[in-house]
>>> print(open('query.tsv').read())   # TSV, C-alpha atoms
chain	number	residue	atom	x	y	z
A	261	MET	CA	-48.47	74.30	-63.37
A	262	SER	CA	-52.02	74.01	-62.02
A	263	GLY	CA	-53.33	70.90	-60.32
A	264	SER	CA	-55.94	70.38	-63.06
A	265	SER	CA	-53.14	69.64	-65.54
A	266	THR	CA	-51.93	66.63	-63.56
A	267	LEU	CA	-53.61	63.29	-64.33
A	268	CYS	CA	-52.69	60.22	-62.25
A	269	PHE	CA	-53.45	56.57	-63.04
A	270	VAL	CA	-53.49	53.99	-60.24
A	271	GLU	CA	-54.56	50.36	-59.99
A	272	SER	CA	-53.58	49.49	-56.43
A	273	PRO	CA	-53.78	51.04	-52.94
A	274	VAL	CA	-49.99	51.36	-52.69
A	275	GLN	CA	-49.85	53.24	-55.98
A	276	LEU	CA	-52.49	55.67	-54.71
A	277	LEU	CA	-50.60	56.08	-51.43
A	278	ASN	CA	-47.47	57.00	-53.34
A	279	VAL	CA	-49.38	59.44	-55.53
A	280	LEU	CA	-50.40	61.19	-52.29
A	281	GLU	CA	-46.77	61.16	-51.13
A	282	TRP	CA	-45.58	62.62	-54.44
A	283	ALA	CA	-48.31	65.30	-54.47
A	284	HIS	CA	-47.42	66.23	-50.87
A	285	VAL	CA	-43.77	66.75	-51.83
A	286	ARG	CA	-44.61	68.66	-55.02
A	287	GLN	CA	-47.43	70.60	-53.30
A	288	VAL	CA	-49.91	70.02	-56.13
A	289	THR	CA	-53.45	68.77	-56.41
A	290	ALA	CA	-54.36	66.32	-59.14
A	291	THR	CA	-57.06	64.28	-60.78
A	292	VAL	CA	-56.57	60.66	-59.76
A	293	VAL	CA	-58.06	58.03	-62.06
A	294	VAL	CA	-58.59	54.67	-60.36
A	295	LEU	CA	-58.54	51.88	-62.96
A	296	SER	CA	-60.39	49.57	-60.63
A	297	PRO	CA	-59.44	45.88	-60.45
A	298	THR	CA	-61.95	43.12	-59.73
A	299	ASP	CA	-60.38	41.73	-56.53
A	300	PRO	CA	-62.69	42.66	-53.59
A	301	MET	CA	-59.91	43.27	-51.04
A	302	THR	CA	-58.00	45.54	-53.42
A	303	ARG	CA	-61.16	47.44	-54.28
A	304	GLY	CA	-61.92	47.96	-50.59
A	305	GLN	CA	-58.47	49.36	-49.87
A	306	LEU	CA	-58.66	51.56	-52.96
A	307	ARG	CA	-61.98	53.05	-51.81
A	308	ARG	CA	-60.45	53.89	-48.42
A	309	MET	CA	-57.44	55.46	-50.11
A	310	ALA	CA	-59.74	57.40	-52.44
A	311	GLU	CA	-61.44	58.90	-49.38
A	312	LEU	CA	-58.05	60.04	-48.08
A	313	ALA	CA	-57.18	61.51	-51.49
A	314	ARG	CA	-60.39	63.53	-51.57
A	315	THR	CA	-59.68	64.77	-48.04
A	316	GLU	CA	-56.33	66.05	-49.35
A	317	GLY	CA	-58.14	68.05	-52.04
A	318	HIS	CA	-57.60	65.75	-55.00
A	319	THR	CA	-60.31	64.82	-57.49
A	320	VAL	CA	-60.87	61.06	-57.75
A	321	ARG	CA	-62.39	59.47	-60.82
A	322	TRP	CA	-63.35	55.83	-60.30
A	323	GLU	CA	-63.38	53.77	-63.50
A	324	GLU	CA	-64.81	50.24	-63.68
A	325	ALA	CA	-62.06	49.54	-66.17
A	326	ARG	CA	-62.48	45.77	-66.01
A	327	GLY	CA	-66.25	45.60	-65.70
A	328	GLY	CA	-66.90	43.58	-68.84
A	329	VAL	CA	-65.85	43.09	-72.45
A	330	GLY	CA	-66.69	46.66	-73.47
A	331	ALA	CA	-65.32	48.33	-70.32
A	332	PRO	CA	-61.78	49.00	-71.63
A	333	PHE	CA	-63.10	50.72	-74.75
A	334	GLN	CA	-65.52	52.85	-72.73
A	335	THR	CA	-62.84	53.74	-70.21
A	336	ILE	CA	-60.23	54.70	-72.78
A	337	GLY	CA	-62.77	56.62	-74.86
A	338	GLY	CA	-63.95	58.54	-71.82
A	339	LEU	CA	-60.40	59.37	-70.72
A	340	ALA	CA	-59.06	60.40	-74.12
A	341	PRO	CA	-59.99	64.13	-73.86
A	342	SER	CA	-58.38	64.41	-70.39
A	343	LEU	CA	-55.30	62.55	-71.60
A	344	ARG	CA	-54.85	64.98	-74.48
A	345	ARG	CA	-55.28	68.04	-72.21
A	346	ALA	CA	-52.99	66.92	-69.38
A	347	ASP	CA	-49.57	68.56	-69.04
A	348	ARG	CA	-48.31	65.90	-66.63
A	349	ILE	CA	-49.12	62.19	-66.37
A	350	VAL	CA	-48.37	60.26	-63.18
A	351	LEU	CA	-48.21	56.47	-63.51
A	352	GLY	CA	-48.52	53.94	-60.73
A	353	ASP	CA	-47.63	50.85	-62.79
A	354	PRO	CA	-45.62	51.20	-66.03
A	355	PHE	CA	-45.93	47.40	-66.53
A	356	SER	CA	-49.73	47.63	-66.78
A	357	ARG	CA	-50.94	47.01	-70.32
A	358	TYR	CA	-53.83	49.34	-69.57
A	359	VAL	CA	-51.49	52.19	-68.60
A	360	GLN	CA	-49.19	51.45	-71.53
A	361	LEU	CA	-52.14	51.83	-73.89
A	362	LEU	CA	-53.08	55.15	-72.28
A	363	LEU	CA	-49.50	56.34	-72.77
A	364	THR	CA	-49.92	56.04	-76.54
A	365	ILE	CA	-52.73	58.63	-76.39
A	366	THR	CA	-51.33	61.33	-74.11
A	367	ARG	CA	-49.55	64.45	-75.31
A	368	ALA	CA	-48.28	65.38	-71.84
A	369	ASP	CA	-44.88	67.05	-71.60
A	370	GLU	CA	-43.96	65.38	-68.29
A	371	LEU	CA	-44.19	61.75	-67.19
A	372	VAL	CA	-43.83	60.69	-63.54
A	373	VAL	CA	-43.61	57.10	-62.30
A	374	VAL	CA	-44.47	56.65	-58.62
A	375	ASP	CA	-43.67	53.53	-56.64
A	376	ASP	CA	-45.48	50.28	-57.28
A	377	GLY	CA	-43.21	48.60	-54.77
A	378	THR	CA	-40.20	46.49	-55.70
A	379	ALA	CA	-41.38	46.41	-59.33
A	380	THR	CA	-39.98	49.94	-59.61
A	381	MET	CA	-36.45	48.55	-59.22
A	382	GLU	CA	-37.03	46.22	-62.17
A	383	PHE	CA	-38.68	48.95	-64.25
A	384	VAL	CA	-35.70	51.28	-63.92
A	385	ALA	CA	-33.25	48.43	-64.62
A	386	GLN	CA	-35.14	47.48	-67.79
A	387	LEU	CA	-35.13	51.09	-68.98
A	388	VAL	CA	-31.36	51.24	-68.41
A	389	ARG	CA	-30.84	48.04	-70.42
A	390	GLY	CA	-33.35	48.98	-73.12
A	391	GLU	CA	-35.33	45.78	-72.52
A	392	ARG	CA	-39.03	45.13	-73.02
A	393	LEU	CA	-41.16	45.96	-70.00
A	394	VAL	CA	-42.11	42.71	-68.26
A	395	ARG	CA	-42.71	41.87	-64.59
A	396	TRP	CA	-39.85	40.15	-62.77
A	397	HIS	CA	-41.68	36.87	-62.01
A	398	ARG	CA	-42.73	36.44	-65.65
A	399	ARG	CA	-39.26	36.73	-67.13
A	400	GLY	CA	-37.57	33.65	-68.50
A	401	GLY	CA	-40.77	32.07	-69.82
A	402	ARG	CA	-42.25	31.95	-73.29
A	403	PRO	CA	-44.46	34.86	-74.30
A	404	GLY	CA	-48.14	33.91	-74.14
A	405	PRO	CA	-50.90	34.87	-76.58
A	406	ARG	CA	-51.64	38.01	-74.55
A	407	ASP	CA	-47.99	39.07	-74.78
A	408	LEU	CA	-47.97	38.56	-78.53
A	409	VAL	CA	-51.11	40.67	-78.98
A	410	LEU	CA	-50.15	43.46	-76.57
A	411	GLY	CA	-46.40	43.38	-77.16
A	412	PRO	CA	-46.55	46.30	-79.63
A	413	VAL	CA	-48.37	48.38	-77.00
A	414	ALA	CA	-45.57	47.76	-74.48
A	415	ALA	CA	-42.97	48.61	-77.10
A	416	ALA	CA	-44.76	51.87	-77.91
A	417	ALA	CA	-44.91	52.74	-74.20
A	418	ARG	CA	-41.18	52.09	-73.84
A	419	ARG	CA	-40.48	54.31	-76.84
A	420	ARG	CA	-42.63	57.05	-75.30
A	421	LEU	CA	-40.77	56.84	-72.01
A	422	THR	CA	-37.41	56.83	-73.79
A	423	ALA	CA	-38.36	59.82	-75.93
A	424	HIS	CA	-39.40	61.79	-72.84
A	425	ALA	CA	-36.16	60.81	-71.13
A	426	ARG	CA	-34.21	62.35	-74.01
A	427	ARG	CA	-35.96	65.64	-73.14
A	428	ASP	CA	-35.27	65.21	-69.40
A	429	SER	CA	-39.01	65.00	-68.73
A	430	VAL	CA	-39.29	61.61	-66.99
A	431	SER	CA	-39.02	61.27	-63.22
A	432	VAL	CA	-39.29	58.34	-60.82
A	433	PHE	CA	-40.53	58.92	-57.27
A	434	THR	CA	-39.45	55.96	-55.19
A	435	SER	CA	-38.43	54.62	-51.79
A	436	MET	CA	-36.66	51.70	-53.50
A	437	PRO	CA	-32.87	51.61	-53.95
A	438	VAL	CA	-32.09	52.62	-57.54
A	439	ASP	CA	-28.39	52.21	-58.32
A	440	GLU	CA	-28.47	53.50	-61.87
A	441	ALA	CA	-31.06	55.55	-63.72
A	442	PRO	CA	-31.26	56.01	-67.48
A	443	GLU	CA	-29.92	59.26	-68.87
A	444	GLY	CA	-32.65	61.90	-68.73
A	445	VAL	CA	-34.56	60.20	-65.89
A	446	THR	CA	-34.64	62.01	-62.55
A	447	VAL	CA	-34.99	59.87	-59.41
A	448	THR	CA	-36.54	61.50	-56.33
A	449	SER	CA	-36.58	59.80	-52.93
A	450	ASN	CA	-39.92	59.04	-51.27
A	451	ASP	CA	-39.45	59.46	-47.51
A	452	TYR	CA	-43.13	58.92	-46.63
A	453	SER	CA	-43.40	62.45	-45.24
A	454	TRP	CA	-47.17	62.57	-45.83
A	455	THR	CA	-47.72	59.25	-44.02
A	456	ARG	CA	-45.56	60.26	-41.07
A	457	ALA	CA	-47.27	63.64	-40.80
A	458	ARG	CA	-50.83	62.27	-40.96
A	459	PHE	CA	-50.56	59.05	-38.91
A	460	GLY	CA	-48.98	58.04	-35.62
A	461	PRO	CA	-46.72	57.63	-33.90
A	462	PRO	CA	-48.19	54.18	-33.21
A	463	ARG	CA	-48.60	52.29	-29.96
A	464	ILE	CA	-45.99	49.50	-29.92
A	465	THR	CA	-46.88	46.08	-28.51
A	466	ARG	CA	-44.35	43.65	-27.03
A	467	GLY	CA	-44.93	40.84	-29.52
A	468	ALA	CA	-44.21	40.29	-33.20
A	469	ASP	CA	-46.40	40.64	-36.28
A	470	MET	CA	-45.95	38.90	-39.61
A	471	VAL	CA	-46.54	40.29	-43.11
A	472	GLY	CA	-48.00	38.00	-45.77
A	473	THR	CA	-46.87	37.71	-49.35
A	474	SER	CA	-48.46	36.71	-52.66
A	475	LEU	CA	-45.42	34.68	-53.80
A	476	VAL	CA	-47.58	31.53	-53.70
A	477	GLU	CA	-50.29	33.17	-55.79
A	478	THR	CA	-47.76	34.33	-58.40
A	479	GLY	CA	-46.41	30.79	-58.70
A	480	VAL	CA	-42.97	31.49	-57.24
A	481	VAL	CA	-43.16	29.67	-53.87
A	482	ASP	CA	-44.69	26.25	-53.11
A	483	LEU	CA	-47.77	26.44	-50.87
A	484	ASP	CA	-46.81	23.62	-48.49
A	485	ARG	CA	-43.30	25.01	-48.01
A	486	TYR	CA	-44.72	28.48	-47.40
A	487	VAL	CA	-47.11	27.27	-44.69
A	488	GLU	CA	-44.28	25.35	-43.02
A	489	ALA	CA	-42.05	28.44	-43.08
A	490	VAL	CA	-44.74	30.71	-41.62
A	491	ARG	CA	-45.41	28.23	-38.82
A	492	ALA	CA	-41.71	27.92	-37.95
A	493	LEU	CA	-41.12	31.68	-38.01
A	494	ALA	CA	-44.20	32.41	-35.89
A	495	ARG	CA	-43.08	29.88	-33.29
A	496	ALA	CA	-39.47	31.14	-33.23
A	497	HIS	CA	-40.36	34.82	-32.89
A	498	GLY	CA	-43.60	34.66	-30.94
A	499	ALA	CA	-45.69	36.20	-33.72
A	500	THR	CA	-49.43	36.37	-33.08
A	501	ARG	CA	-50.85	38.25	-36.07
A	502	TYR	CA	-50.50	37.74	-39.83
A	503	PHE	CA	-51.26	40.76	-42.01
A	504	ALA	CA	-52.56	39.27	-45.25
A	505	HIS	CA	-51.44	40.56	-48.62
A	506	ARG	CA	-54.44	41.79	-50.59
A	507	ARG	CA	-53.87	39.13	-53.29
A	508	GLU	CA	-53.60	36.12	-50.97
A	509	SER	CA	-56.32	33.53	-51.54
A	510	ALA	CA	-58.98	32.82	-48.94
A	511	ASP	CA	-58.19	29.08	-48.96
A	512	LYS	CA	-54.53	29.74	-48.21
A	513	LEU	CA	-55.39	32.15	-45.38
A	514	HIS	CA	-57.82	29.64	-43.83
A	515	ARG	CA	-55.09	27.01	-43.91
A	516	LEU	CA	-52.56	29.38	-42.33
A	517	ALA	CA	-54.96	30.19	-39.50
A	518	ALA	CA	-55.68	26.50	-38.85
A	519	GLU	CA	-52.07	25.27	-39.02
A	520	THR	CA	-50.14	28.16	-37.47
A	521	GLY	CA	-52.56	29.57	-34.88
A	522	LEU	CA	-51.94	33.09	-36.20
A	523	GLU	CA	-54.72	35.67	-36.19
A	524	ILE	CA	-55.30	36.58	-39.84
A	525	VAL	CA	-55.76	40.33	-40.33
A	526	ARG	CA	-57.06	41.70	-43.63
A	527	PRO	CA	-55.88	45.35	-43.65
A	528	ASP	CA	-58.25	48.00	-44.97
A	529	LEU	CA	-55.32	50.28	-45.92
A	530	PRO	CA	-51.74	49.77	-47.13
A	531	LEU	CA	-49.52	48.37	-44.39
A	532	GLU	CA	-47.45	51.56	-44.15
A	533	LEU	CA	-50.57	53.36	-42.89
A	534	ILE	CA	-51.73	50.45	-40.72
A	535	ALA	CA	-48.33	50.31	-39.02
A	536	ARG	CA	-48.21	54.08	-38.44
A	537	ARG	CA	-51.75	54.02	-37.06
A	538	GLY	CA	-50.95	51.07	-34.73
A	539	PRO	CA	-50.98	49.15	-32.58
A	540	ILE	CA	-48.09	47.27	-34.15
A	541	GLY	CA	-45.62	44.67	-32.90
A	542	ARG	CA	-42.14	45.66	-31.80
A	543	THR	CA	-40.86	43.26	-34.47
A	544	ILE	CA	-42.38	42.93	-37.95
A	545	LEU	CA	-41.42	39.78	-39.86
A	546	SER	CA	-41.60	39.84	-43.65
A	547	PHE	CA	-40.50	37.75	-46.59
A	548	PRO	CA	-38.78	39.71	-49.41
A	549	SER	CA	-41.32	42.31	-50.49
A	550	THR	CA	-41.92	46.02	-50.79
A	551	VAL	CA	-42.48	46.53	-47.06
A	552	VAL	CA	-38.92	45.59	-46.10
A	553	HIS	CA	-37.98	48.83	-47.86
A	554	THR	CA	-40.94	51.05	-46.98
A	555	LEU	CA	-41.68	50.17	-43.34
A	556	PRO	CA	-38.24	51.18	-42.01
A	557	ILE	CA	-38.86	54.61	-43.55
A	558	ALA	CA	-42.49	54.97	-42.47
A	559	LEU	CA	-41.68	53.76	-38.93
A	560	GLU	CA	-38.41	55.63	-38.51
A	561	GLY	CA	-37.86	56.69	-34.91
A	562	THR	CA	-40.58	54.43	-33.46
A	563	GLY	CA	-38.28	51.62	-32.30
A	564	VAL	CA	-40.03	48.98	-34.43
A	565	ARG	CA	-37.64	46.41	-35.95
A	566	ILE	CA	-38.24	45.07	-39.47
A	567	ALA	CA	-36.85	41.56	-39.93
A	568	VAL	CA	-36.42	40.04	-43.41
A	569	CYS	CA	-37.05	36.29	-43.72
A	570	GLU	CA	-34.99	34.95	-46.62
A	571	ILE	CA	-36.57	32.65	-49.21
A	572	ASP	CA	-34.96	29.21	-49.13
A	573	PRO	CA	-34.36	28.01	-52.73
A	574	ALA	CA	-36.01	24.71	-51.71
A	575	TRP	CA	-39.34	26.55	-51.32
A	576	LEU	CA	-39.42	27.68	-54.96
A	577	THR	CA	-41.72	26.00	-57.44
A	578	GLN	CA	-40.31	24.05	-60.35
A	579	GLY	CA	-39.41	26.23	-63.29
A	580	VAL	CA	-38.82	29.48	-61.40
A	581	SER	CA	-36.17	31.38	-63.35
A	582	ASP	CA	-32.70	32.24	-62.09
A	583	HIS	CA	-33.65	35.88	-62.62
A	584	ALA	CA	-36.61	35.57	-60.23
A	585	GLN	CA	-34.39	33.97	-57.59
A	586	GLY	CA	-31.81	36.71	-58.00
A	587	PHE	CA	-34.43	39.42	-57.80
A	588	LEU	CA	-35.79	38.06	-54.51
A	589	ALA	CA	-32.26	37.99	-53.08
A	590	ASP	CA	-31.70	41.56	-54.28
A	591	ILE	CA	-34.88	42.75	-52.51
A	592	SER	CA	-33.53	41.41	-49.22
A	593	GLY	CA	-29.94	42.44	-49.76
A	594	THR	CA	-30.76	46.07	-50.55
A	595	ALA	CA	-33.28	46.62	-47.75
A	596	ARG	CA	-31.89	49.53	-45.76
A	597	GLY	CA	-32.97	49.68	-42.12
A	598	ALA	CA	-34.09	46.04	-42.00
A	599	VAL	CA	-32.33	43.13	-40.31
A	600	ARG	CA	-31.98	39.53	-41.47
A	601	THR	CA	-33.59	36.61	-39.69
A	602	VAL	CA	-33.94	32.86	-40.20
>>> encode(input="query.tsv", output="structure tokens")
Amino acid sequence: MSGSSTLCFVESPVQLLNVLEWAHVRQVTATVVVLSPTDPMTRGQLRRMAELARTEGHTVRWEEARGGVGAPFQTIGGLAPSLRRADRIVLGDPFSRYVQLLLTITRADELVVVDDGTATMEFVAQLVRGERLVRWHRRGGRPGPRDLVLGPVAAAARRRLTAHARRDSVSVFTSMPVDEAPEGVTVTSNDYSWTRARFGPPRITRGADMVGTSLVETGVVDLDRYVEAVRALARAHGATRYFAHRRESADKLHRLAAETGLEIVRPDLPLELIARRGPIGRTILSFPSTVVHTLPIALEGTGVRIAVCEIDPAWLTQGVSDHAQGFLADISGTARGAVRTV
């Protein structure tokens, strides 16, 4: 199958990184469509990743998919011919309403889902159970107006994925632990071979670095408790740098810098590439997130230790579902190659 028949949709830097990993393993070139978000930090990382994709021989099509009221209609209209011609569609986020809508248009024979981090674990689990596709931190609450309007789109996307699975034409490319896959879905392990071949090995410093999380921004963890936890962990482990998550708010980061003394670093690439490029601390501290699964793989053989900092139930905001709490515990408990810390 030629590279021109492969159409990839990404909305985040990590999704684009994992498209590059998948293409490296499959030895194909593709057309990558960036459905650009509005967040400046995410856009900056995506532009850097797009440069790397072009260097690898891929075609990148940048779409201002959220650039105004008419942008979605223009984007979908412009993509429709390519969607109908493509033999293979690669998805970075099956929970995205945008991507779900695009799935209703395509006639592709093969569907591939590449990692969007820990959300991939939930996606596969929901497919197994035949549930509606909804992000883990939004489960347990009442559907909002947007869910009621776009619910049929999500249902159609799930039907499309299920129908392809019946023909053994759905695959998931992931570094996450997947215990059970639906019948007809092939799971392929992502060992970050492209990242390890292109970057590093890194220079290792003696100290510790800390990885930020957007759990405050998603309404899961209380801000005051989070700041207290970061300060205590930094003091206990001698951390000096805090690698901000691309969705962390500026106000929160300013407060962290003032109250913890940590140097706030806003990465221009996904952390897997930043860590491989170095310099990086001998210990990397992280709350439950994607990187506790990906960094041990990307940094294999370097001697860097990944330490998982558990989320104390007392830090959670009021109304957080039992499912969300269980999912956070599962992220930590299934992290291979990481150690626990307090």
>>> atom_distance(input="query.tsv", atom1="atom CA of A:Ile566", atom2="atom CA of A:Ala589")
16.5 Å
>>> closest_residue(input="query.tsv", among="A:Trp575, A:Phe547, A:Trp454, A:Phe459", to="A:Glu488", atoms="all atoms listed in the file")
A:Trp575
>>> residues_around(input="query.tsv", residues="stretch 328-341 of chain A", least_positions_apart="2", cutoff="12 Å", atoms="all atoms listed in the file", output="JSON, numbers by chain")
{"A": [267, 268, 269, 291, 292, 293, 294, 295, 296, 297, 298, 321, 322, 323, 324, 325, 326, 343, 344, 345, 346, 357, 358, 359, 360, 361, 362, 363, 364, 365, 366, 367, 368]}
>>> residues_around(input="query.tsv", residues="stretch 279-283 of chain A", least_positions_apart="4", cutoff="7 Å", atoms="only C-alpha atoms", output="ChimeraX atom specification")
/A:275,287-289,313,374,433,452-454
>>> write_last_selection(input="query.tsv", atoms="C-alpha atoms", output="PDB file, in the frame of the given file")
ATOM      1  CA  GLN A 275     -49.850  53.240 -55.980  1.00  0.00           C
ATOM      2  CA  GLN A 287     -47.430  70.600 -53.300  1.00  0.00           C
ATOM      3  CA  VAL A 288     -49.910  70.020 -56.130  1.00  0.00           C
ATOM      4  CA  THR A 289     -53.450  68.770 -56.410  1.00  0.00           C
ATOM      5  CA  ALA A 313     -57.180  61.510 -51.490  1.00  0.00           C
ATOM      6  CA  VAL A 374     -44.470  56.650 -58.620  1.00  0.00           C
ATOM      7  CA  PHE A 433     -40.530  58.920 -57.270  1.00  0.00           C
ATOM      8  CA  TYR A 452     -43.130  58.920 -46.630  1.00  0.00           C
ATOM      9  CA  SER A 453     -43.400  62.450 -45.240  1.00  0.00           C
ATOM     10  CA  TRP A 454     -47.170  62.570 -45.830  1.00  0.00           C
TER      11      TRP A 454
END
>>> closest_residue(input="query.tsv", among="A:Gly579, A:Pro437, A:Gly561, A:Gly472", to="A:Pro548", atoms="all atoms listed in the file")
A:Gly472
>>> closest_residue(input="query.tsv", among="A:Arg501, A:His284, A:His318, A:Arg495", to="A:Ile540", atoms="all atoms listed in the file")
A:Arg501
>>> atom_distance(input="query.tsv", atom1="atom CA of A:Glu532", atom2="atom CA of A:Thr473")
14.8 Å
>>> residues_around(input="query.tsv", residues="A:Pro273", least_positions_apart="2", cutoff="12 Å", atoms="only C-alpha atoms", output="number ranges by chain")
A: 269-271, 275-280, 294-297, 299, 301-313, 352-353, 375-377, 505-507, 527-533
>>> write_last_selection(input="query.tsv", atoms="C-alpha atoms", output="PDB file, keeping the file's coordinate frame")
ATOM      1  CA  PHE A 269     -53.450  56.570 -63.040  1.00  0.00           C
ATOM      2  CA  VAL A 270     -53.490  53.990 -60.240  1.00  0.00           C
ATOM      3  CA  GLU A 271     -54.560  50.360 -59.990  1.00  0.00           C
ATOM      4  CA  GLN A 275     -49.850  53.240 -55.980  1.00  0.00           C
ATOM      5  CA  LEU A 276     -52.490  55.670 -54.710  1.00  0.00           C
ATOM      6  CA  LEU A 277     -50.600  56.080 -51.430  1.00  0.00           C
ATOM      7  CA  ASN A 278     -47.470  57.000 -53.340  1.00  0.00           C
ATOM      8  CA  VAL A 279     -49.380  59.440 -55.530  1.00  0.00           C
ATOM      9  CA  LEU A 280     -50.400  61.190 -52.290  1.00  0.00           C
ATOM     10  CA  VAL A 294     -58.590  54.670 -60.360  1.00  0.00           C
ATOM     11  CA  LEU A 295     -58.540  51.880 -62.960  1.00  0.00           C
ATOM     12  CA  SER A 296     -60.390  49.570 -60.630  1.00  0.00           C
ATOM     13  CA  PRO A 297     -59.440  45.880 -60.450  1.00  0.00           C
ATOM     14  CA  ASP A 299     -60.380  41.730 -56.530  1.00  0.00           C
ATOM     15  CA  MET A 301     -59.910  43.270 -51.040  1.00  0.00           C
ATOM     16  CA  THR A 302     -58.000  45.540 -53.420  1.00  0.00           C
ATOM     17  CA  ARG A 303     -61.160  47.440 -54.280  1.00  0.00           C
ATOM     18  CA  GLY A 304     -61.920  47.960 -50.590  1.00  0.00           C
ATOM     19  CA  GLN A 305     -58.470  49.360 -49.870  1.00  0.00           C
ATOM     20  CA  LEU A 306     -58.660  51.560 -52.960  1.00  0.00           C
ATOM     21  CA  ARG A 307     -61.980  53.050 -51.810  1.00  0.00           C
ATOM     22  CA  ARG A 308     -60.450  53.890 -48.420  1.00  0.00           C
ATOM     23  CA  MET A 309     -57.440  55.460 -50.110  1.00  0.00           C
ATOM     24  CA  ALA A 310     -59.740  57.400 -52.440  1.00  0.00           C
ATOM     25  CA  GLU A 311     -61.440  58.900 -49.380  1.00  0.00           C
ATOM     26  CA  LEU A 312     -58.050  60.040 -48.080  1.00  0.00           C
ATOM     27  CA  ALA A 313     -57.180  61.510 -51.490  1.00  0.00           C
ATOM     28  CA  GLY A 352     -48.520  53.940 -60.730  1.00  0.00           C
ATOM     29  CA  ASP A 353     -47.630  50.850 -62.790  1.00  0.00           C
ATOM     30  CA  ASP A 375     -43.670  53.530 -56.640  1.00  0.00           C
ATOM     31  CA  ASP A 376     -45.480  50.280 -57.280  1.00  0.00           C
ATOM     32  CA  GLY A 377     -43.210  48.600 -54.770  1.00  0.00           C
ATOM     33  CA  HIS A 505     -51.440  40.560 -48.620  1.00  0.00           C
ATOM     34  CA  ARG A 506     -54.440  41.790 -50.590  1.00  0.00           C
ATOM     35  CA  ARG A 507     -53.870  39.130 -53.290  1.00  0.00           C
ATOM     36  CA  PRO A 527     -55.880  45.350 -43.650  1.00  0.00           C
ATOM     37  CA  ASP A 528     -58.250  48.000 -44.970  1.00  0.00           C
ATOM     38  CA  LEU A 529     -55.320  50.280 -45.920  1.00  0.00           C
ATOM     39  CA  PRO A 530     -51.740  49.770 -47.130  1.00  0.00           C
ATOM     40  CA  LEU A 531     -49.520  48.370 -44.390  1.00  0.00           C
ATOM     41  CA  GLU A 532     -47.450  51.560 -44.150  1.00  0.00           C
ATOM     42  CA  LEU A 533     -50.570  53.360 -42.890  1.00  0.00           C
TER      43      LEU A 533
END
>>> closest_residue(input="query.tsv", among="A:Leu475, A:Ile349, A:Leu387, A:Ala494", to="A:Ser509", atoms="all atoms listed in the file")
A:Leu475
>>> closest_residue(input="query.tsv", among="A:Pro556, A:Tyr486, A:Ala504, A:Gly498", to="A:Glu570", atoms="only C-alpha atoms")
A:Tyr486
>>> atom_distance(input="query.tsv", atom1="atom CA of A:Asp482", atom2="atom CA of A:Lys512")
11.5 Å
